>>> print(open('my_file24.cif').read())   # mmCIF, N, CA and C atoms
data_query
#
loop_
_atom_site.label_atom_id
_atom_site.label_comp_id
_atom_site.auth_asym_id
_atom_site.auth_seq_id
_atom_site.Cartn_x
_atom_site.Cartn_y
_atom_site.Cartn_z
N MET U 19 -18.33 -12.03 26.57
CA MET U 19 -16.97 -11.72 26.16
C MET U 19 -16.60 -12.58 24.96
N SER U 20 -16.10 -11.95 23.91
CA SER U 20 -15.76 -12.65 22.67
C SER U 20 -14.45 -13.41 22.82
N THR U 21 -14.43 -14.61 22.23
CA THR U 21 -13.19 -15.39 22.24
C THR U 21 -12.41 -15.22 20.94
N GLU U 22 -13.02 -14.53 19.95
CA GLU U 22 -12.33 -14.30 18.69
C GLU U 22 -11.35 -13.15 18.82
N THR U 23 -10.23 -13.30 18.15
CA THR U 23 -9.26 -12.20 18.15
C THR U 23 -9.55 -11.28 16.98
N THR U 24 -9.02 -10.10 17.03
CA THR U 24 -9.21 -9.17 15.93
C THR U 24 -8.38 -9.62 14.72
N ALA U 25 -8.73 -9.12 13.55
CA ALA U 25 -7.95 -9.40 12.34
C ALA U 25 -6.62 -8.66 12.43
N SER U 26 -5.66 -9.07 11.62
CA SER U 26 -4.38 -8.37 11.56
C SER U 26 -4.01 -8.13 10.11
N VAL U 27 -3.15 -7.10 9.89
CA VAL U 27 -2.81 -6.68 8.54
C VAL U 27 -1.30 -6.48 8.42
N SER U 28 -0.75 -6.90 7.28
CA SER U 28 0.64 -6.58 6.93
C SER U 28 0.69 -6.30 5.44
N THR U 29 1.78 -5.67 5.00
CA THR U 29 1.91 -5.34 3.58
C THR U 29 3.38 -5.24 3.21
N HIS U 30 3.64 -5.30 1.93
CA HIS U 30 4.96 -4.97 1.40
C HIS U 30 4.77 -4.45 -0.02
N ILE U 31 5.81 -3.76 -0.53
CA ILE U 31 5.73 -3.16 -1.86
C ILE U 31 6.94 -3.58 -2.68
N LEU U 32 6.66 -4.02 -3.90
CA LEU U 32 7.70 -4.31 -4.87
C LEU U 32 7.57 -3.30 -6.00
N ASP U 33 8.65 -2.58 -6.29
CA ASP U 33 8.69 -1.65 -7.42
C ASP U 33 9.00 -2.48 -8.65
N THR U 34 7.97 -2.82 -9.42
CA THR U 34 8.16 -3.71 -10.56
C THR U 34 8.91 -3.06 -11.72
N SER U 35 9.07 -1.73 -11.69
CA SER U 35 9.82 -1.07 -12.76
C SER U 35 11.32 -1.33 -12.63
N ILE U 36 11.77 -1.68 -11.44
CA ILE U 36 13.19 -1.98 -11.23
C ILE U 36 13.41 -3.36 -10.62
N GLY U 37 12.31 -4.04 -10.28
CA GLY U 37 12.42 -5.39 -9.73
C GLY U 37 13.00 -5.44 -8.34
N LYS U 38 12.75 -4.38 -7.55
CA LYS U 38 13.29 -4.31 -6.19
C LYS U 38 12.23 -3.82 -5.21
N PRO U 39 12.45 -4.09 -3.92
CA PRO U 39 11.52 -3.57 -2.93
C PRO U 39 11.51 -2.03 -2.93
N ALA U 40 10.36 -1.48 -2.61
CA ALA U 40 10.20 -0.02 -2.53
C ALA U 40 10.41 0.41 -1.07
N GLU U 41 11.54 1.04 -0.82
CA GLU U 41 11.89 1.48 0.54
C GLU U 41 11.40 2.91 0.78
N GLY U 42 10.92 3.15 2.01
CA GLY U 42 10.58 4.50 2.42
C GLY U 42 9.21 5.00 1.99
N VAL U 43 8.31 4.11 1.61
CA VAL U 43 6.96 4.52 1.23
C VAL U 43 6.13 4.65 2.51
N ALA U 44 5.57 5.83 2.74
CA ALA U 44 4.70 6.05 3.90
C ALA U 44 3.37 5.34 3.68
N ILE U 45 2.90 4.69 4.73
CA ILE U 45 1.63 3.96 4.68
C ILE U 45 0.79 4.36 5.89
N SER U 46 -0.47 4.68 5.64
CA SER U 46 -1.42 4.99 6.71
C SER U 46 -2.47 3.89 6.77
N LEU U 47 -2.90 3.56 7.97
CA LEU U 47 -3.88 2.51 8.19
C LEU U 47 -5.12 3.10 8.85
N SER U 48 -6.29 2.79 8.29
CA SER U 48 -7.57 3.21 8.86
C SER U 48 -8.48 1.99 8.95
N ALA U 49 -9.47 2.05 9.83
CA ALA U 49 -10.40 0.94 10.00
C ALA U 49 -11.79 1.49 10.30
N ARG U 50 -12.79 0.66 10.02
CA ARG U 50 -14.17 1.01 10.39
C ARG U 50 -14.92 -0.26 10.77
N THR U 51 -16.03 -0.05 11.44
CA THR U 51 -16.92 -1.14 11.82
C THR U 51 -18.21 -0.98 11.05
N GLY U 52 -18.52 -1.91 10.18
CA GLY U 52 -19.74 -1.87 9.39
C GLY U 52 -19.62 -1.00 8.16
N LEU U 53 -20.54 -1.21 7.21
CA LEU U 53 -20.51 -0.46 5.95
C LEU U 53 -20.70 1.03 6.14
N ASP U 54 -21.47 1.43 7.15
CA ASP U 54 -21.75 2.85 7.38
C ASP U 54 -20.89 3.46 8.48
N GLY U 55 -19.96 2.69 9.01
CA GLY U 55 -19.11 3.19 10.08
C GLY U 55 -18.17 4.28 9.61
N GLU U 56 -17.77 5.12 10.53
CA GLU U 56 -16.80 6.18 10.24
C GLU U 56 -15.39 5.57 10.20
N TRP U 57 -14.58 6.06 9.27
CA TRP U 57 -13.19 5.62 9.22
C TRP U 57 -12.42 6.23 10.39
N ALA U 58 -11.66 5.41 11.07
CA ALA U 58 -10.81 5.86 12.17
C ALA U 58 -9.37 5.64 11.77
N SER U 59 -8.58 6.71 11.78
CA SER U 59 -7.17 6.60 11.48
C SER U 59 -6.47 5.92 12.65
N LEU U 60 -5.70 4.88 12.36
CA LEU U 60 -5.00 4.13 13.40
C LEU U 60 -3.52 4.46 13.46
N GLY U 61 -3.02 5.21 12.48
CA GLY U 61 -1.60 5.54 12.44
C GLY U 61 -0.98 4.98 11.19
N GLY U 62 0.32 4.89 11.21
CA GLY U 62 1.00 4.39 10.03
C GLY U 62 2.46 4.11 10.27
N SER U 63 3.15 3.90 9.17
CA SER U 63 4.56 3.56 9.22
C SER U 63 5.13 3.79 7.82
N ALA U 64 6.29 3.23 7.56
CA ALA U 64 6.91 3.31 6.24
C ALA U 64 7.61 1.99 5.96
N THR U 65 7.77 1.69 4.68
CA THR U 65 8.42 0.45 4.30
C THR U 65 9.92 0.49 4.60
N ASP U 66 10.46 -0.66 4.95
CA ASP U 66 11.89 -0.77 5.24
C ASP U 66 12.65 -1.11 3.96
N ALA U 67 13.93 -1.43 4.09
CA ALA U 67 14.78 -1.71 2.92
C ALA U 67 14.30 -2.93 2.14
N ASP U 68 13.53 -3.81 2.79
CA ASP U 68 12.98 -4.99 2.13
C ASP U 68 11.57 -4.71 1.57
N GLY U 69 11.12 -3.44 1.63
CA GLY U 69 9.80 -3.07 1.14
C GLY U 69 8.67 -3.47 2.05
N ARG U 70 9.01 -3.91 3.25
CA ARG U 70 7.99 -4.40 4.19
C ARG U 70 7.67 -3.35 5.25
N CYS U 71 6.45 -3.42 5.71
CA CYS U 71 5.99 -2.55 6.79
C CYS U 71 5.58 -3.47 7.93
N LYS U 72 6.48 -3.64 8.88
CA LYS U 72 6.30 -4.66 9.92
C LYS U 72 5.64 -4.13 11.19
N ASP U 73 5.40 -2.82 11.26
CA ASP U 73 4.89 -2.27 12.52
C ASP U 73 3.61 -1.46 12.36
N LEU U 74 2.71 -1.95 11.50
CA LEU U 74 1.41 -1.29 11.38
C LEU U 74 0.64 -1.46 12.70
N PRO U 75 -0.16 -0.47 13.06
CA PRO U 75 -0.93 -0.57 14.31
C PRO U 75 -1.91 -1.75 14.28
N ALA U 76 -2.24 -2.24 15.45
CA ALA U 76 -3.22 -3.32 15.58
C ALA U 76 -4.61 -2.79 15.25
N LEU U 77 -5.45 -3.68 14.75
CA LEU U 77 -6.83 -3.31 14.44
C LEU U 77 -7.69 -3.41 15.70
N PRO U 78 -8.61 -2.48 15.89
CA PRO U 78 -9.50 -2.57 17.05
C PRO U 78 -10.50 -3.72 16.89
N GLU U 79 -10.97 -4.22 17.99
CA GLU U 79 -11.99 -5.27 17.98
C GLU U 79 -13.22 -4.75 17.23
N GLY U 80 -13.82 -5.61 16.43
CA GLY U 80 -15.02 -5.24 15.69
C GLY U 80 -14.75 -4.67 14.31
N THR U 81 -13.47 -4.54 13.92
CA THR U 81 -13.14 -4.01 12.59
C THR U 81 -13.71 -4.91 11.51
N THR U 82 -14.37 -4.30 10.54
CA THR U 82 -14.92 -5.05 9.41
C THR U 82 -14.28 -4.64 8.08
N HIS U 83 -13.73 -3.42 8.03
CA HIS U 83 -13.11 -2.91 6.80
C HIS U 83 -11.82 -2.19 7.16
N VAL U 84 -10.84 -2.34 6.28
CA VAL U 84 -9.53 -1.74 6.48
C VAL U 84 -9.17 -0.94 5.22
N ARG U 85 -8.46 0.16 5.44
CA ARG U 85 -7.98 0.98 4.31
C ARG U 85 -6.49 1.23 4.51
N LEU U 86 -5.70 0.91 3.48
CA LEU U 86 -4.28 1.21 3.45
C LEU U 86 -4.06 2.33 2.44
N ASP U 87 -3.41 3.40 2.85
CA ASP U 87 -3.07 4.52 1.96
C ASP U 87 -1.56 4.54 1.78
N PHE U 88 -1.11 4.39 0.54
CA PHE U 88 0.30 4.38 0.20
C PHE U 88 0.65 5.71 -0.47
N GLU U 89 1.63 6.43 0.05
CA GLU U 89 2.07 7.71 -0.51
C GLU U 89 3.14 7.45 -1.57
N THR U 90 2.71 7.17 -2.78
CA THR U 90 3.62 6.72 -3.83
C THR U 90 4.35 7.85 -4.54
N GLU U 91 3.76 9.03 -4.62
CA GLU U 91 4.41 10.13 -5.35
C GLU U 91 5.73 10.52 -4.71
N THR U 92 5.76 10.62 -3.41
CA THR U 92 7.00 10.97 -2.71
C THR U 92 8.08 9.92 -2.97
N TYR U 93 7.67 8.65 -2.99
CA TYR U 93 8.63 7.58 -3.27
C TYR U 93 9.28 7.80 -4.64
N PHE U 94 8.47 8.06 -5.67
CA PHE U 94 9.03 8.24 -7.01
C PHE U 94 9.82 9.54 -7.14
N LEU U 95 9.43 10.57 -6.43
CA LEU U 95 10.22 11.81 -6.44
C LEU U 95 11.61 11.59 -5.85
N ASN U 96 11.68 10.73 -4.83
CA ASN U 96 12.95 10.48 -4.15
C ASN U 96 13.80 9.42 -4.85
N LYS U 97 13.27 8.79 -5.84
CA LYS U 97 13.99 7.72 -6.54
C LYS U 97 14.31 8.13 -7.97
N ASN U 98 15.10 9.18 -8.14
CA ASN U 98 15.37 9.70 -9.48
C ASN U 98 15.95 8.65 -10.41
N SER U 99 16.90 7.85 -9.95
CA SER U 99 17.48 6.84 -10.83
C SER U 99 16.46 5.77 -11.17
N SER U 100 15.61 5.41 -10.22
CA SER U 100 14.56 4.43 -10.50
C SER U 100 13.58 5.00 -11.50
N LYS U 101 13.27 6.28 -11.35
CA LYS U 101 12.31 6.92 -12.24
C LYS U 101 12.82 6.90 -13.68
N LYS U 102 14.10 7.21 -13.88
CA LYS U 102 14.66 7.20 -15.24
C LYS U 102 14.63 5.80 -15.83
N GLN U 103 14.97 4.82 -15.02
CA GLN U 103 14.96 3.45 -15.50
C GLN U 103 13.53 3.02 -15.81
N ALA U 104 12.58 3.39 -14.96
CA ALA U 104 11.19 3.03 -15.19
C ALA U 104 10.65 3.68 -16.45
N GLU U 105 10.98 4.94 -16.67
CA GLU U 105 10.50 5.65 -17.86
C GLU U 105 11.06 5.02 -19.13
N ALA U 106 12.28 4.54 -19.08
CA ALA U 106 12.89 3.91 -20.24
C ALA U 106 12.17 2.61 -20.59
N GLN U 107 11.54 1.98 -19.59
CA GLN U 107 10.86 0.71 -19.81
C GLN U 107 9.39 0.88 -20.17
N GLN U 108 8.87 2.08 -20.11
CA GLN U 108 7.45 2.33 -20.35
C GLN U 108 7.21 2.84 -21.77
N ASP U 109 6.11 2.40 -22.36
CA ASP U 109 5.68 2.93 -23.64
C ASP U 109 4.98 4.27 -23.47
N ALA U 110 4.36 4.48 -22.30
CA ALA U 110 3.60 5.70 -22.05
C ALA U 110 4.54 6.86 -21.76
N PRO U 111 4.20 8.05 -22.20
CA PRO U 111 5.03 9.22 -21.89
C PRO U 111 4.90 9.61 -20.42
N ARG U 112 5.88 10.30 -19.93
CA ARG U 112 5.82 10.81 -18.57
C ARG U 112 4.70 11.84 -18.49
N VAL U 113 3.79 11.66 -17.54
CA VAL U 113 2.62 12.52 -17.49
C VAL U 113 2.66 13.54 -16.36
N ARG U 114 3.61 13.42 -15.48
CA ARG U 114 3.75 14.36 -14.37
C ARG U 114 5.23 14.55 -14.12
N ASP U 115 5.57 15.65 -13.49
CA ASP U 115 6.98 15.88 -13.17
C ASP U 115 7.54 14.79 -12.27
N SER U 116 6.68 14.18 -11.46
CA SER U 116 7.15 13.13 -10.56
C SER U 116 7.42 11.82 -11.29
N GLY U 117 6.85 11.65 -12.49
CA GLY U 117 6.97 10.38 -13.17
C GLY U 117 5.99 9.35 -12.67
N ALA U 118 5.14 9.71 -11.70
CA ALA U 118 4.16 8.79 -11.16
C ALA U 118 2.76 9.24 -11.55
N PHE U 119 2.05 8.41 -12.26
CA PHE U 119 0.69 8.74 -12.67
C PHE U 119 -0.25 8.70 -11.47
N PHE U 120 -0.01 7.78 -10.53
CA PHE U 120 -0.82 7.66 -9.32
C PHE U 120 -0.03 8.22 -8.14
N PRO U 121 -0.36 9.42 -7.66
CA PRO U 121 0.39 10.01 -6.55
C PRO U 121 0.14 9.30 -5.22
N GLU U 122 -0.95 8.57 -5.16
CA GLU U 122 -1.24 7.76 -3.97
C GLU U 122 -2.07 6.57 -4.41
N VAL U 123 -1.99 5.52 -3.62
CA VAL U 123 -2.77 4.31 -3.88
C VAL U 123 -3.52 4.00 -2.60
N THR U 124 -4.84 3.83 -2.72
CA THR U 124 -5.66 3.48 -1.57
C THR U 124 -6.31 2.13 -1.84
N ILE U 125 -6.12 1.22 -0.90
CA ILE U 125 -6.68 -0.12 -1.00
C ILE U 125 -7.62 -0.31 0.18
N THR U 126 -8.87 -0.65 -0.11
CA THR U 126 -9.87 -0.90 0.93
C THR U 126 -10.33 -2.35 0.80
N PHE U 127 -10.42 -3.05 1.93
CA PHE U 127 -10.82 -4.45 1.89
C PHE U 127 -11.55 -4.84 3.17
N ALA U 128 -12.35 -5.90 3.06
CA ALA U 128 -13.12 -6.42 4.19
C ALA U 128 -12.28 -7.44 4.95
N VAL U 129 -12.49 -7.51 6.27
CA VAL U 129 -11.75 -8.46 7.10
C VAL U 129 -12.71 -9.22 8.01
N ASN U 130 -12.26 -10.39 8.43
CA ASN U 130 -13.00 -11.20 9.40
C ASN U 130 -12.15 -11.37 10.65
N PRO U 131 -12.77 -11.42 11.81
CA PRO U 131 -12.01 -11.59 13.06
C PRO U 131 -11.14 -12.84 13.02
N GLY U 132 -9.95 -12.73 13.58
CA GLY U 132 -9.06 -13.86 13.71
C GLY U 132 -8.22 -14.18 12.49
N GLU U 133 -8.47 -13.52 11.36
CA GLU U 133 -7.71 -13.81 10.16
C GLU U 133 -6.60 -12.77 9.95
N HIS U 134 -5.52 -13.23 9.30
CA HIS U 134 -4.43 -12.32 8.95
C HIS U 134 -4.55 -11.97 7.47
N TYR U 135 -4.35 -10.70 7.15
CA TYR U 135 -4.44 -10.21 5.78
C TYR U 135 -3.11 -9.59 5.38
N HIS U 136 -2.42 -10.27 4.45
CA HIS U 136 -1.19 -9.72 3.91
C HIS U 136 -1.54 -9.18 2.53
N VAL U 137 -1.32 -7.88 2.31
CA VAL U 137 -1.75 -7.21 1.08
C VAL U 137 -0.54 -6.60 0.38
N PRO U 138 0.11 -7.35 -0.51
CA PRO U 138 1.24 -6.82 -1.26
C PRO U 138 0.79 -5.83 -2.34
N LEU U 139 1.61 -4.83 -2.57
CA LEU U 139 1.38 -3.84 -3.63
C LEU U 139 2.51 -3.97 -4.64
N LEU U 140 2.16 -4.26 -5.89
CA LEU U 140 3.12 -4.29 -6.99
C LEU U 140 2.99 -2.95 -7.68
N LEU U 141 4.06 -2.17 -7.69
CA LEU U 141 3.99 -0.77 -8.06
C LEU U 141 4.96 -0.42 -9.18
N ASN U 142 4.51 0.44 -10.10
CA ASN U 142 5.40 1.07 -11.06
C ASN U 142 4.85 2.48 -11.31
N PRO U 143 5.57 3.34 -11.99
CA PRO U 143 5.11 4.73 -12.12
C PRO U 143 3.77 4.91 -12.82
N PHE U 144 3.34 3.93 -13.61
CA PHE U 144 2.11 4.09 -14.37
C PHE U 144 1.05 3.05 -14.07
N GLY U 145 1.23 2.28 -13.01
CA GLY U 145 0.23 1.29 -12.67
C GLY U 145 0.56 0.58 -11.38
N TYR U 146 -0.41 -0.17 -10.90
CA TYR U 146 -0.21 -0.97 -9.70
C TYR U 146 -1.18 -2.14 -9.69
N SER U 147 -0.86 -3.12 -8.86
CA SER U 147 -1.72 -4.28 -8.67
C SER U 147 -1.59 -4.71 -7.22
N VAL U 148 -2.66 -5.23 -6.67
CA VAL U 148 -2.65 -5.75 -5.30
C VAL U 148 -3.32 -7.10 -5.28
N TYR U 149 -3.06 -7.84 -4.24
CA TYR U 149 -3.71 -9.13 -4.06
C TYR U 149 -3.63 -9.52 -2.60
N ARG U 150 -4.42 -10.49 -2.20
CA ARG U 150 -4.33 -11.02 -0.84
C ARG U 150 -3.26 -12.10 -0.85
N GLY U 151 -2.18 -11.80 -0.17
CA GLY U 151 -1.08 -12.74 -0.08
C GLY U 151 -1.27 -13.68 1.10
N SER U 152 -0.18 -14.32 1.48
CA SER U 152 -0.25 -15.25 2.61
C SER U 152 0.85 -14.93 3.62
#
>>> encode(input="my_file24.cif", output="structure tokens")
Amino acid sequence: MSTETTASVSTHILDTSIGKPAEGVAISLSARTGLDGEWASLGGSATDADGRCKDLPALPEGTTHVRLDFETETYFLNKNSSKKQAEAQQDAPRVRDSGAFFPEVTITFAVNPGEHYHVPLLLNPFGYSVYRGS
């Protein structure tokens, strides 16, 4: 019987085009065991008013890789005022009716048992960045 606990994951999103948290972004969580393992969907949630997703499902024991899928296009479609402000700040022309060049963002990363992984997403209509937070 293993004494190690499973890894855990949390995330939040900052819309850098307006300098505010991104509320209402749907997030799906998947996990696999090993490089050749099948991805198993664990469920999902959505960001709250603070851009945080506090109720992601727990990872199963033996998880080695995690995938977070962020549904960003719907967020930008629902944020018309944010979209106009973001477009005014961008040098690039609007490339889609949604104003979002990336309709979804998928982040895949490796995990170790017992560690917590906080993965913030810095988002704007034409780009994004992620990092391992604390």
>>> resolve_selection(input="my_file24.cif", expression="the PyMOL selection byres ((chain U and resi 25-39) around 6.5)", output="list in words")
Thr23, Thr24, Ala40, Glu41, Ala67, Asp68, Gly69, Arg70, Cys71, Lys72, Leu77, Gln103, Ala104, Val129, Asn130, Pro131, Gly132, Glu133, His134, Tyr135, His136, Val137, Pro138, Leu139, Leu140, Leu141, Asn142 and Pro143 of chain U
>>> atom_distance(input="my_file24.cif", atom1="atom N of U:Ser147", atom2="atom CA of U:Thr51")
26.3 Å
>>> residues_around(input="my_file24.cif", residues="stretch 90-93 of chain U", least_positions_apart="6", cutoff="7 Å", atoms="all atoms listed in the file", output="PDB file with N, CA and C atoms, keeping the file's coordinate frame")
ATOM      1  N   GLU U  41      11.540   1.040  -0.820  1.00  0.00           N
ATOM      2  CA  GLU U  41      11.890   1.480   0.540  1.00  0.00           C
ATOM      3  C   GLU U  41      11.400   2.910   0.780  1.00  0.00           C
ATOM      4  N   GLY U  42      10.920   3.150   2.010  1.00  0.00           N
ATOM      5  CA  GLY U  42      10.580   4.500   2.420  1.00  0.00           C
ATOM      6  C   GLY U  42       9.210   5.000   1.990  1.00  0.00           C
ATOM      7  N   VAL U  43       8.310   4.110   1.610  1.00  0.00           N
ATOM      8  CA  VAL U  43       6.960   4.520   1.230  1.00  0.00           C
ATOM      9  C   VAL U  43       6.130   4.650   2.510  1.00  0.00           C
ATOM     10  N   ALA U  44       5.570   5.830   2.740  1.00  0.00           N
ATOM     11  CA  ALA U  44       4.700   6.050   3.900  1.00  0.00           C
ATOM     12  C   ALA U  44       3.370   5.340   3.680  1.00  0.00           C
ATOM     13  N   SER U 116       6.680  14.180 -11.460  1.00  0.00           N
ATOM     14  CA  SER U 116       7.150  13.130 -10.560  1.00  0.00           C
ATOM     15  C   SER U 116       7.420  11.820 -11.290  1.00  0.00           C
ATOM     16  N   ALA U 118       5.140   9.710 -11.700  1.00  0.00           N
ATOM     17  CA  ALA U 118       4.160   8.790 -11.160  1.00  0.00           C
ATOM     18  C   ALA U 118       2.760   9.240 -11.550  1.00  0.00           C
ATOM     19  N   PHE U 120      -0.010   7.780 -10.530  1.00  0.00           N
ATOM     20  CA  PHE U 120      -0.820   7.660  -9.320  1.00  0.00           C
ATOM     21  C   PHE U 120      -0.030   8.220  -8.140  1.00  0.00           C
ATOM     22  N   PRO U 121      -0.360   9.420  -7.660  1.00  0.00           N
ATOM     23  CA  PRO U 121       0.390  10.010  -6.550  1.00  0.00           C
ATOM     24  C   PRO U 121       0.140   9.300  -5.220  1.00  0.00           C
ATOM     25  N   GLU U 122      -0.950   8.570  -5.160  1.00  0.00           N
ATOM     26  CA  GLU U 122      -1.240   7.760  -3.970  1.00  0.00           C
ATOM     27  C   GLU U 122      -2.070   6.570  -4.410  1.00  0.00           C
ATOM     28  N   VAL U 123      -1.990   5.520  -3.620  1.00  0.00           N
ATOM     29  CA  VAL U 123      -2.770   4.310  -3.880  1.00  0.00           C
ATOM     30  C   VAL U 123      -3.520   4.000  -2.600  1.00  0.00           C
TER      31      VAL U 123
END
>>> atom_distance(input="my_file24.cif", atom1="atom N of U:Pro78", atom2="atom C of U:Tyr146")
26.6 Å
>>> resolve_selection(input="my_file24.cif", expression="the PyMOL selection byres (((chain U and resi 85 and name CA) around 12) and name CA)", output="PyMOL selection string")
chain U and resi 27-29+45-51+56-62+74+77+81-84+86-88+123-129+135+137
>>> atom_distance(input="my_file24.cif", atom1="atom N of U:Gly145", atom2="atom CA of U:Phe94")
11.5 Å
>>> select_by_dssp(input="my_file24.cif", residues="stretch 27-146 of chain U", states="helix (DSSP H, G or I)", output="PyMOL selection string")
chain U and resi 90-96+98-107
